[in-house]
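Q: My questions will all concern the structure given below.
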Amino acid sequence: MENIKSEKIGGEFHALTQLERGQKYTLLTQGGFGAIAQKIVLQDIKVGPYAQYSESVQLIYKPKGKRNLSGSRFHGIASCVVWAGWVDVNTDPFKPSEISSTGMVVRSSRYSSFDSRYFTDAIASVSATPIFSKVHELINK
């Protein structure tokens, strides 16, 4: 009975609790305007309640090239993808630049804000298979 309960710790993000401390991972999260990729070295994992969520998973890590620790908390409808090791993820939210009739360089985004296609495009840009993936669709217009 206790084994079943321990498998549910962390809710939908339970698999994140199985990541190994001290290992390199690439973490992809969804932001308001596109996707955010970080190359990290995992330091610690905490599971507990957060706000209205009875269970959340917090990853504490050192981002590549940084001295201080950072963290991300996953709960509810958060989207997250993790690859083992450091992989390059294309998170560029813009279409190719255009030159307007006045000679100005114009850059426009591929989609509107909070569109999940930014996230799915970033995932598709990596040929490696993720070790964890939870994608919540927001808006597709």
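Ligands are numbered from 1 in the order shown, residues from 1 within each chain, and chains are lettered A, B, ... in the order they appear in the structure tokens.
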Show me, as CSV, the residues of region 24-61 of chain A having an atom within 7 Å of region 77-81 of chain A, each with the closest atom pair and its distance in Å, using only C-alpha atoms.
A:
residue,atom,partner,partner_atom,distance
A:Leu27,CA,A:Val81,CA,6.0
A:Leu28,CA,A:Val81,CA,5.1
A:Thr29,CA,A:Cys80,CA,4.9
A:Gln30,CA,A:Ser79,CA,5.9
Q: What does the file look like for those residues with C-alpha atoms, as an mmCIF file, in the first residue's frame?
A:
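The resulting file, part.cif, is shown below:
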data_model
loop_
_atom_site.group_PDB
_atom_site.id
_atom_site.type_symbol
_atom_site.label_atom_id
_atom_site.label_comp_id
_atom_site.auth_asym_id
_atom_site.auth_seq_id
_atom_site.Cartn_x
_atom_site.Cartn_y
_atom_site.Cartn_z
ATOM 1 C CA LEU A 27 14.919 21.941 -19.409
ATOM 2 C CA LEU A 28 12.276 23.431 -21.713
ATOM 3 C CA THR A 29 9.419 25.424 -20.201
ATOM 4 C CA GLN A 30 6.654 27.485 -21.731
#
Q: May I have all residues of chain A that DSSP, computed from the backbone, assigns to strand (DSSP E or B), given as a PyMOL selection string?
A: chain A and resi 24-31+34-50+53-63+70-74+80-84+94+98-99+105-106+109+115+132-134+139
Q: If you count only C-alpha atoms, which residues fall within 6 Å of region 59-66 of chain A, apart from same-chain ones fewer than 3 positions away, as a ChimeraX atom specification?
A: /A:39-45,69-72
Q: Name the residues of region 46-132 of chain A that come out as helix (DSSP H, G or I) in a backbone DSSP run; write them as a list of chain:residue names.
A: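 Result set for region 46-132 of chain A (helix (DSSP H, G or I)): A:Arg117, A:Tyr118, A:Phe119, A:Thr120, A:Asp121, A:Ala122, A:Ile123, A:Ala124.
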Q: Let me see the file: selected residues, C-alpha atoms, as a PDB file, in the first residue's frame.
A:
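Output below, filename result_8.pdb:
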ATOM      1  CA  ARG A 117       2.991  26.006 -31.197  1.00  0.00           C
ATOM      2  CA  TYR A 118       6.091  27.887 -29.979  1.00  0.00           C
ATOM      3  CA  PHE A 119       6.588  25.059 -27.520  1.00  0.00           C
ATOM      4  CA  THR A 120       5.856  22.206 -29.929  1.00  0.00           C
ATOM      5  CA  ASP A 121       8.166  23.772 -32.550  1.00  0.00           C
ATOM      6  CA  ALA A 122      10.970  23.942 -29.965  1.00  0.00           C
ATOM      7  CA  ILE A 123      10.446  20.269 -29.065  1.00  0.00           C
ATOM      8  CA  ALA A 124      10.488  19.303 -32.755  1.00  0.00           C
TER       9      ALA A 124
END
Q: Taking only C-alpha atoms into account, which of A:Val126, A:Ala35, A:Leu16, A:Met104 comes nearest Thr91 (chain A)?
A: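 Checking each candidate against Thr91 (chain A), we get A:Ala35 as the closest.
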Q: Can you work out the spacing between CA of Glu12 (chain A) and CA of His75 (chain A) in Å, to one decimal?
A: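 So the two atoms, CA of Glu12 (chain A) and CA of His75 (chain A), lie 7.7 Å apart.
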Q: Please determine, counting only C-alpha atoms, which residue among A:Phe13, A:Trp86, A:Phe33, A:Tyr25 has the shortest atom-to-atom distance to Arg110 (chain A).
A: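 Once distances to Arg110 (chain A) are computed over only C-alpha atoms, the minimum belongs to A:Phe33.
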Q: Counting only C-alpha atoms, figure out which residue out of A:Ser133, A:Ser97, A:Gln58, A:Ser108 gets nearest to Arg73 (chain A).
A: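 Between A:Ser133, A:Ser97, A:Gln58, A:Ser108, the residue approaching Arg73 (chain A) most closely is A:Gln58.
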Q: Would you mind telling me which residue in A:Pro130, A:Gly11, A:Gly48, A:Pro93 lies nearest to Gly34 (chain A) when using only C-alpha atoms?
A: A:Pro93
